[in-house]
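A short write-up of the structure that comes next.
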Amino acid sequence: MIDETQDFVLDQNFWNDAYKSDADQVIVRDFFLEEETENLSVGTALDVGCGTGLNAIMLANKGWAVVGVDWAPHAITLANGAAMAKGLDAHFYVADFTNWDPPHLF
């Protein structure tokens with residue numbers, strides 16, 4: 001629980017710890033994204049701030065080639081594990097996207 005009387009920073013450690021302790025509280029499925037991509041031809045997608053990759057994996061399940069990036073190592077471990085378990089074309093990287101060199105252009 002966040003103490004509202006203290007200043008805090010939502011930094012890499014904050015998010016990594018959140019995914020370790022309260023993953024169910026920080027995983028949010030984007031139904032808008034699912035709806036908006038429903039009638040699109042499959043392609044390549046970049047998911048910035050992907051967390052555990054729930055939205056990227058949803059796209060990969062539809063045939064999209066997906067790259068996700070997040071700075072929380074634990075979240076990326078979960079995302080890569082989920083993608084590998086399902087044999088999906090989804091690759092996840094631990095990085096600060098503001099200074100990250102993606103594997104290709106999007």
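Within each chain, counting starts at residue 1; across the structure tokens, chains are named A, B, ... in the order shown, with ligands numbered 1 upward in that order.
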Query raised in the report: If you run DSSP on the backbone, which residues of stretch 15-84 of chain A are alpha helix (DSSP H), as a PyMOL selection string?
Result: chain A and resi 15-21+23-26+31-36+54-61+73-84
Query raised in the report: If we count only C-alpha atoms, what is near stretch 31-34 of chain A at a cut-off of 12 Å, once residues fewer than 5 positions away on the same chain are taken out, given as a list in words?
Result: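 Selected residues are Asn39, Leu40, Ala45, Asp47, Leu54, Asn55, Ala56, Ile57, Met58, Leu59, Ala60, Asn61 and Lys62 of chain A.
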Just the selected residues (N, CA and C atoms), exported as a PDB file, in the first residue's frame, please.
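Final file, out26.pdb:
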ATOM      1  N   ASN A  39     -10.220  -5.875 -36.582  1.00  0.00           N
ATOM      2  CA  ASN A  39     -10.384  -5.955 -38.031  1.00  0.00           C
ATOM      3  C   ASN A  39      -9.146  -5.532 -38.814  1.00  0.00           C
ATOM      4  N   LEU A  40      -8.021  -5.377 -38.133  1.00  0.00           N
ATOM      5  CA  LEU A  40      -6.785  -5.013 -38.813  1.00  0.00           C
ATOM      6  C   LEU A  40      -6.082  -6.264 -39.338  1.00  0.00           C
ATOM      7  N   ALA A  45       4.003  -5.208 -34.047  1.00  0.00           N
ATOM      8  CA  ALA A  45       3.603  -4.252 -33.016  1.00  0.00           C
ATOM      9  C   ALA A  45       4.708  -4.086 -31.988  1.00  0.00           C
ATOM     10  N   ASP A  47       5.075  -2.884 -28.058  1.00  0.00           N
ATOM     11  CA  ASP A  47       4.349  -2.606 -26.825  1.00  0.00           C
ATOM     12  C   ASP A  47       5.320  -1.985 -25.832  1.00  0.00           C
ATOM     13  N   LEU A  54       0.690  -8.976 -21.340  1.00  0.00           N
ATOM     14  CA  LEU A  54      -0.674  -9.451 -21.572  1.00  0.00           C
ATOM     15  C   LEU A  54      -1.241  -8.949 -22.898  1.00  0.00           C
ATOM     16  N   ASN A  55      -1.092  -7.672 -23.187  1.00  0.00           N
ATOM     17  CA  ASN A  55      -1.625  -7.122 -24.435  1.00  0.00           C
ATOM     18  C   ASN A  55      -0.818  -7.580 -25.646  1.00  0.00           C
ATOM     19  N   ALA A  56       0.489  -7.648 -25.510  1.00  0.00           N
ATOM     20  CA  ALA A  56       1.336  -8.133 -26.602  1.00  0.00           C
ATOM     21  C   ALA A  56       1.012  -9.596 -26.914  1.00  0.00           C
ATOM     22  N   ILE A  57       0.799 -10.379 -25.899  1.00  0.00           N
ATOM     23  CA  ILE A  57       0.475 -11.793 -26.103  1.00  0.00           C
ATOM     24  C   ILE A  57      -0.895 -11.938 -26.743  1.00  0.00           C
ATOM     25  N   MET A  58      -1.831 -11.065 -26.400  1.00  0.00           N
ATOM     26  CA  MET A  58      -3.139 -11.074 -27.058  1.00  0.00           C
ATOM     27  C   MET A  58      -2.965 -10.855 -28.554  1.00  0.00           C
ATOM     28  N   LEU A  59      -2.118  -9.889 -28.927  1.00  0.00           N
ATOM     29  CA  LEU A  59      -1.865  -9.632 -30.350  1.00  0.00           C
ATOM     30  C   LEU A  59      -1.144 -10.809 -30.999  1.00  0.00           C
ATOM     31  N   ALA A  60      -0.163 -11.355 -30.327  1.00  0.00           N
ATOM     32  CA  ALA A  60       0.577 -12.502 -30.878  1.00  0.00           C
ATOM     33  C   ALA A  60      -0.346 -13.695 -31.093  1.00  0.00           C
ATOM     34  N   ASN A  61      -1.317 -13.867 -30.209  1.00  0.00           N
ATOM     35  CA  ASN A  61      -2.308 -14.944 -30.386  1.00  0.00           C
ATOM     36  C   ASN A  61      -3.114 -14.761 -31.663  1.00  0.00           C
ATOM     37  N   LYS A  62      -3.214 -13.507 -32.118  1.00  0.00           N
ATOM     38  CA  LYS A  62      -3.938 -13.208 -33.351  1.00  0.00           C
ATOM     39  C   LYS A  62      -3.021 -13.260 -34.574  1.00  0.00           C
TER      40      LYS A  62
END
**Report entry** Surrounding residues of A:Pro73 excluding itself and chain neighbours under 5 positions, 12 Å, only C-alpha atoms, as a count of residues only
**Finding:** 21
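Picture a line from atom CA of A:Asp70 to atom CA of A:Leu88; it runs 18.4 Å.
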Query - Selected residue of minimal separation from A:Thr98 among A:Gly43, A:Ser21, A:Val69, A:Thr37, counting only C-alpha atoms - result: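 Of the candidates, the smallest distance to A:Thr98 is held by A:Val69.
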Requested in this report: For A:Ala65, work out the shell of residues within 6 Å, counting only C-alpha atoms and skipping chain neighbours fewer than 3 positions away, then give it as number ranges by chain.
Outcome: A: 44, 60, 89-90
